[in-house]
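For reference, the structure discussed in these notes is given below.
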Amino acid sequence: MDKFIKLDEAVDQIKDGMTVMIGGFLGCGNPHKIIDKLVDKGVKDLTIIANDTSFVDYGLGKLVANKQVKKVITSHIGTNKETGRQMNEKETEVILVPQGTLAEQIRAAGAGLGGILTPTGVGTIVEEGKEKIEIEGKEYLLELPLSADVALIKGSKVDNFGNVYYEKSTRNFNTIMATAAETVIVEAEEIVDEINPNNVMTPNIFIDYIVGGEK
Amino acid sequence: MDKFIKLDEAVDQIKDGMTVMIGGFLGCGNPHKIIDKLVDKGVKDLTIIANDTSFVDYGLGKLVANKQVKKVITSHIGTNKETGRQMNEKETEVILVPQGTLAEQIRAAGAGLGGILTPTGVGTIVEEGKEKIEIEGKEYLLELPLSADVALIKGSKVDNFGNVYYEKSTRNFNTIMATAAETVIVEAEEIVDEINPNNVMTPNIFIDYIVGGEK
Amino acid sequence: MDKKQIKEVIAKRVAKEFSDGDVVNLGIGLPTKVANYIADDIKVILQSENGFIGLGQAPEKGKEDKDLTNAGAQPVTIKKGGAFFDSAESFAIIRGGHVDATVLGALQVDEDGNLANWMIPGKMVPGMGGAMDLVVGAKKVIIAMVHTQKGRPKILKKCQLPLTAKNQVDMIITEMGVIKVTDKGLVLTELGPEVTVEDVKSSTEAELIIADDLKKMDV
Amino acid sequence: MDKKQIKEVIAKRVAKEFSDGDVVNLGIGLPTKVANYIADDIKVILQSENGFIGLGQAPEKGKEDKDLTNAGAQPVTIKKGGAFFDSAESFAIIRGGHVDATVLGALQVDEDGNLANWMIPGKMVPGMGGAMDLVVGAKKVIIAMVHTQKGRPKILKKCQLPLTAKNQVDMIITEMGVIKVTDKGLVLTELGPEVTVEDVKSSTEAELIIADDLKKMDV
């Protein structure tokens, strides 16, 4: 099973209207090459699930700026004015989710859980429309799993089997998103022969395709 | 903050009647030295939370054999005949939990979740007394968090700050248990100066005490 | 066939269910033998629920590593490309549908795909270990077992023992044949060596539908 | 005091709330400055919600690492003994009560310890980021802010803006004083430099209980 594909082929996996998870935190750990190619190709009506919409000119925020996004599920849009503008003018639907809840919802989808109970958001507008469950006198919101058609992640090192290793603070949402999508594509910064099995952060069974790694 | 203590001092943290999590899987990744010292000291009426009760003469099963255990919350007792005997003769209470549920319950406690919904156990005796919640036509059991007074874990390498690295299949329940107890004691196989921050598996903030590391 | 041959026949047939790239979890006992029969031209990744993928064979004598065991506490090896993880992630993999197939033994299995394989009340209560999660989470649940227990059928109209999971079994492979669990009931699709359809029926309490294209079991 | 001095005073006082070994998460803006005033004789571990502990200072110019940023996308460093993790673990740490204190700014805070700091409907809706989890999960929630906004009180009887969390604030530190949130209401325990109790009261909409042992703010 050869998982290596070209950047073009990777982007071909993403069709108009799909739900796409993109790893990264304000650009750090975003799969920048895939994003740039997606912008070139102009795939549209995407639903993006990501921690944030980064910046107008850096990271996945470019997709927003290029009006390829129909809906965003995210914890923060404050660094990308275009997301805010599109939201205010009702061009793009924005669902704001607490960061820890977003992480757990994605993890829940990958882990086969029907949902998780979090105290985060109780007593705020985040609880609107959600079931509240009391456990030992404390209220929790029932938050449901969040999955995607495709997850685009960025690996600092990817081995020939598809095992992934992340450097420093690039890990963020990449690991959990790799578990929660139908198709997972990793953009490799570097291809290595093998990663020490102890240090693998995303096991190869989660990875469908590998792009990049040109040395 | 010096976290290094002697084996004796570590065991002194564990009092009669406490709830104690013990990392490991059929002995692999058990903190054997601490267990042996606990057996010597004879602390009693413990509630043990662990994947299994290992063997009569290897790993945490020794505590059962030595009649120091009042209750066990575990997924498997089949390898330790003494646990089965004590259960049948009602000397020891045994709560059997599916392994994945046990892992999620411990993780939930550490992660501040009020519970998780799992499909595991639906339609079996595991569902007795539990709330069932239907999400998109599928039934799930609401499983509650599981925490402890003390967690005893085993690290292959522990650095001077208390960061922990686990070799091979010793990781198992050690990582999650480190997040879910009031006091966490790691038995170090080897003390190292520093672990690469990328490769730390249990960050030092979870570790209260370090024992061992005699080279 | 003697007991040993029977087990080899079953293991051999189970191995044919896998495709290249499949992630598979093999239970303890008979299912473990399946690994010996996986075709050379496909790559199957074995998952070990105590925390890794890439489960390899037992090490040579003297090369055992106390830090590397399988879910049955036996010393094992890890193949190149494997990866270790903790129990939460191991069961995220299992429960999350990332295991393509699991092979398990059974005490009883029935027409609705219900499985009982973890306890006999008052007699044998080892605990379910990872079995309940595996059966619920794996994409395909294959029961690999000897057809009867001391002559008594194990494939029943309704399981009597406490269940491991409800409606999760996809197929049953025994020395007498291959049985698929369908909406219409149990369908015998392949006939084992040295037996007739009547033999299978008389060793099976559940109603058996005989497939129109019933084949000889390929072992 | 000018605006810069005011912020330094607040940051300096907040830093005194930490004990040796504390794990602390500092919000963006004013709270970030607190790091500059932590006493040399205690070790405080800073958590960065994008995925590590051991948050260090900004790197020297030219030594920035694209792979190492804080939750505000600024290049930072990691201290010896630090550790990286993913977002699920980062928020397990936060929500799970493993952060001893979080320091955040506020738009409004009220007598019940309610906090509003993430949106002004129709005007500013950046998203809550990690704030809602931090405020619910941290053992101690410290609000560090300038006492008023263009002369208007921010410490209210009841927050009017959408809440970040209910009943979670433990203390409020401004240039005018230190206010503890108690079951009986807000208690002024320390008085800021250059102000009187009457000054604080007139800049605060909420009812203030004046501590019997009211002290001068130590900055």
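Here, A, B, ... name the chains of the structure tokens in the order displayed, residue numbers run from 1 inside each chain, and ligands are numbered from 1 in the same displayed order.
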Who sits within 12 Å of Asp65 of chain C, only C-alpha atoms, same chain under 5 positions skipped, as a count of residues only: 15
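By only C-alpha atoms, and with residues fewer than 5 positions from Gly129 of chain B along its chain excluded, the set lying at most 12 Å from it is Val122, Thr124, Leu141, Leu142, Glu143 and Leu144 of chain B.
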All alpha helix (DSSP H) residues (DSSP, backbone) inside segment 25-204 of chain D, as a compact mmCIF listing (two decimals) with N, CA and C atoms, in the first residue's frame:
```txt
# COMPACT_ATOMS: atom_id res chain seq x y z
N LEU D 30 -2.75 42.15 28.76
CA LEU D 30 -2.26 42.48 30.09
C LEU D 30 -1.80 41.25 30.88
N PRO D 31 -2.60 40.17 30.92
CA PRO D 31 -2.17 39.01 31.71
C PRO D 31 -0.79 38.47 31.32
N THR D 32 -0.42 38.61 30.06
CA THR D 32 0.88 38.12 29.60
C THR D 32 2.02 38.80 30.36
N LYS D 33 1.80 40.07 30.70
CA LYS D 33 2.83 40.85 31.40
C LYS D 33 3.14 40.30 32.78
N SER D 87 -4.04 19.23 21.49
CA SER D 87 -5.10 20.09 22.03
C SER D 87 -6.06 19.34 22.95
N ALA D 88 -6.28 18.07 22.69
CA ALA D 88 -7.15 17.31 23.58
C ALA D 88 -6.52 17.21 24.97
N GLU D 89 -5.22 16.95 25.01
CA GLU D 89 -4.54 16.85 26.30
C GLU D 89 -4.41 18.23 26.94
N SER D 90 -4.18 19.24 26.12
CA SER D 90 -4.05 20.59 26.65
C SER D 90 -5.31 20.99 27.42
N PHE D 91 -6.44 20.66 26.85
CA PHE D 91 -7.69 21.02 27.52
C PHE D 91 -8.12 19.99 28.56
N ALA D 92 -7.58 18.81 28.50
CA ALA D 92 -7.77 17.87 29.61
C ALA D 92 -7.06 18.48 30.83
N ILE D 93 -5.89 19.05 30.59
CA ILE D 93 -5.16 19.72 31.67
C ILE D 93 -5.95 20.90 32.21
N ILE D 94 -6.50 21.68 31.32
CA ILE D 94 -7.23 22.88 31.72
C ILE D 94 -8.57 22.53 32.39
N ARG D 95 -9.37 21.74 31.72
CA ARG D 95 -10.70 21.42 32.22
C ARG D 95 -10.63 20.51 33.44
N ALA D 131 -11.00 30.42 26.43
CA ALA D 131 -11.37 31.12 27.66
C ALA D 131 -12.45 30.41 28.48
N MET D 132 -13.46 29.89 27.81
CA MET D 132 -14.55 29.25 28.58
C MET D 132 -14.05 28.04 29.34
N ASP D 133 -13.17 27.27 28.72
CA ASP D 133 -12.61 26.10 29.41
C ASP D 133 -11.70 26.52 30.56
N LEU D 134 -10.89 27.53 30.30
CA LEU D 134 -9.96 28.00 31.32
C LEU D 134 -10.70 28.48 32.56
N VAL D 135 -11.75 29.24 32.35
CA VAL D 135 -12.46 29.84 33.47
C VAL D 135 -13.21 28.77 34.27
N VAL D 136 -13.69 27.75 33.57
CA VAL D 136 -14.40 26.67 34.27
C VAL D 136 -13.42 25.71 34.94
N GLY D 137 -12.26 25.51 34.30
CA GLY D 137 -11.37 24.46 34.76
C GLY D 137 -10.30 24.86 35.75
N VAL D 197 -11.10 54.46 49.40
CA VAL D 197 -12.19 53.50 49.32
C VAL D 197 -13.36 54.13 48.56
N GLU D 198 -13.59 55.42 48.79
CA GLU D 198 -14.69 56.09 48.10
C GLU D 198 -14.46 56.12 46.58
N ASP D 199 -13.20 56.32 46.20
CA ASP D 199 -12.87 56.28 44.76
C ASP D 199 -13.26 54.93 44.16
N VAL D 200 -12.88 53.86 44.85
CA VAL D 200 -13.16 52.52 44.34
C VAL D 200 -14.66 52.32 44.24
N LYS D 201 -15.37 52.69 45.31
CA LYS D 201 -16.83 52.52 45.33
C LYS D 201 -17.49 53.27 44.18
N SER D 202 -17.02 54.47 43.93
CA SER D 202 -17.69 55.26 42.89
C SER D 202 -17.34 54.77 41.48
```
Could you pull out all residues of segment 1-194 of chain C with a DSSP call of strand (DSSP E) and give them as a ChimeraX atom specification? /C:23-26,45-48,52-55,78-84,101-104,108-110,115-116,140-144,148-149,152-153,155-156,171-174,177-182,185-191
Near Ala206 of chain D, within 12 Å and counting only C-alpha atoms, which residues show up once chain neighbours fewer than 6 positions away are dropped, as a count of residues only? 20
Neighbours of segment 139-149 of chain D within 9 Å (only C-alpha atoms; same-chain residues fewer than 5 positions away dropped), as a PyMOL selection string? chain D and resi 3+6-7+10-11+14+17+30-31+97-107+109+115+134+154-155+168-177+200+203-204
Please return, as a list of chain:residue names, all residues of chain A lying within 6 Å of chain B when only C-alpha atoms are considered. A:Leu113, A:Gly114, A:Gly115, A:Ile116, A:Leu117, A:Thr118, A:Lys168, A:Asn198
Written selection (N, CA, C and O atoms) as a PDB file, in the first residue's frame:
```pdb
ATOM      1  N   LEU A 113     -17.230   7.466  20.533  1.00  0.00           N
ATOM      2  CA  LEU A 113     -18.097   7.852  21.652  1.00  0.00           C
ATOM      3  C   LEU A 113     -19.334   8.574  21.095  1.00  0.00           C
ATOM      4  O   LEU A 113     -19.252   9.273  20.086  1.00  0.00           O
ATOM      5  N   GLY A 114     -20.447   8.424  21.789  1.00  0.00           N
ATOM      6  CA  GLY A 114     -21.674   9.088  21.356  1.00  0.00           C
ATOM      7  C   GLY A 114     -21.733  10.535  21.783  1.00  0.00           C
ATOM      8  O   GLY A 114     -22.592  11.300  21.335  1.00  0.00           O
ATOM      9  N   GLY A 115     -20.822  10.921  22.636  1.00  0.00           N
ATOM     10  CA  GLY A 115     -20.779  12.290  23.134  1.00  0.00           C
ATOM     11  C   GLY A 115     -20.008  12.347  24.425  1.00  0.00           C
ATOM     12  O   GLY A 115     -19.582  11.315  24.951  1.00  0.00           O
ATOM     13  N   ILE A 116     -19.805  13.570  24.898  1.00  0.00           N
ATOM     14  CA  ILE A 116     -19.110  13.750  26.170  1.00  0.00           C
ATOM     15  C   ILE A 116     -19.840  14.840  26.956  1.00  0.00           C
ATOM     16  O   ILE A 116     -20.524  15.680  26.373  1.00  0.00           O
ATOM     17  N   LEU A 117     -19.678  14.805  28.273  1.00  0.00           N
ATOM     18  CA  LEU A 117     -20.288  15.810  29.131  1.00  0.00           C
ATOM     19  C   LEU A 117     -19.220  16.783  29.610  1.00  0.00           C
ATOM     20  O   LEU A 117     -18.252  16.388  30.250  1.00  0.00           O
ATOM     21  N   THR A 118     -19.407  18.049  29.276  1.00  0.00           N
ATOM     22  CA  THR A 118     -18.427  19.044  29.705  1.00  0.00           C
ATOM     23  C   THR A 118     -19.098  20.153  30.512  1.00  0.00           C
ATOM     24  O   THR A 118     -20.224  20.546  30.207  1.00  0.00           O
ATOM     25  N   LYS A 168       7.239  20.270  18.296  1.00  0.00           N
ATOM     26  CA  LYS A 168       6.858  21.381  19.178  1.00  0.00           C
ATOM     27  C   LYS A 168       5.349  21.662  19.187  1.00  0.00           C
ATOM     28  O   LYS A 168       4.568  20.739  19.361  1.00  0.00           O
ATOM     29  N   ASN A 198       7.905   4.089  19.800  1.00  0.00           N
ATOM     30  CA  ASN A 198       7.502   4.756  21.044  1.00  0.00           C
ATOM     31  C   ASN A 198       7.050   6.188  20.786  1.00  0.00           C
ATOM     32  O   ASN A 198       6.232   6.723  21.529  1.00  0.00           O
TER      33      ASN A 198
END
```
Output the contact residues of chain A with respect to chain D at a cut-off of 10 Å, based on only C-alpha atoms, as a ChimeraX atom specification. /A:24-29,51-52,54,74-81,83-84,87-88,94-107,118-126,156,166-176,201
Could you jot down the atom CA of Val34 of chain D to atom CA of Ile53 of chain D separation for me, Å, one decimal place? 16.3 Å
If you count only C-alpha atoms, which residues fall within 12 Å of Glu9 of chain A, apart from same-chain ones fewer than 2 positions away, as a PyMOL selection string? chain A and resi 3-7+11-15+34+37-38+41+185+209-212
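Computed from the coordinates, the atom CA of Lys43 of chain C to atom CA of Val184 of chain A distance equals 19.7 Å.
Picture a line from atom CA of Lys33 of chain A to atom CA of Gly59 of chain A; it runs 9.3 Å.
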Residues near Asn36 of chain D, anyone? I mean within 10 Å using only C-alpha atoms, not counting same-chain ones fewer than 6 positions away, as JSON, numbers by chain. {"D": [8, 11, 12, 15, 57]}
Using only C-alpha atoms: which of B:Glu82, B:Asp45, B:Glu187, B:Glu127 has the shortest distance to Lys70 of chain B: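 Checking each of B:Glu82, B:Asp45, B:Glu187, B:Glu127 against Lys70 of chain B, counting only C-alpha atoms, the winner is B:Asp45.
Closest approach to Met177 of chain A among A:Met18, A:Val150, A:Ala65, A:Ala10 is made by A:Val150 (distances from only C-alpha atoms).
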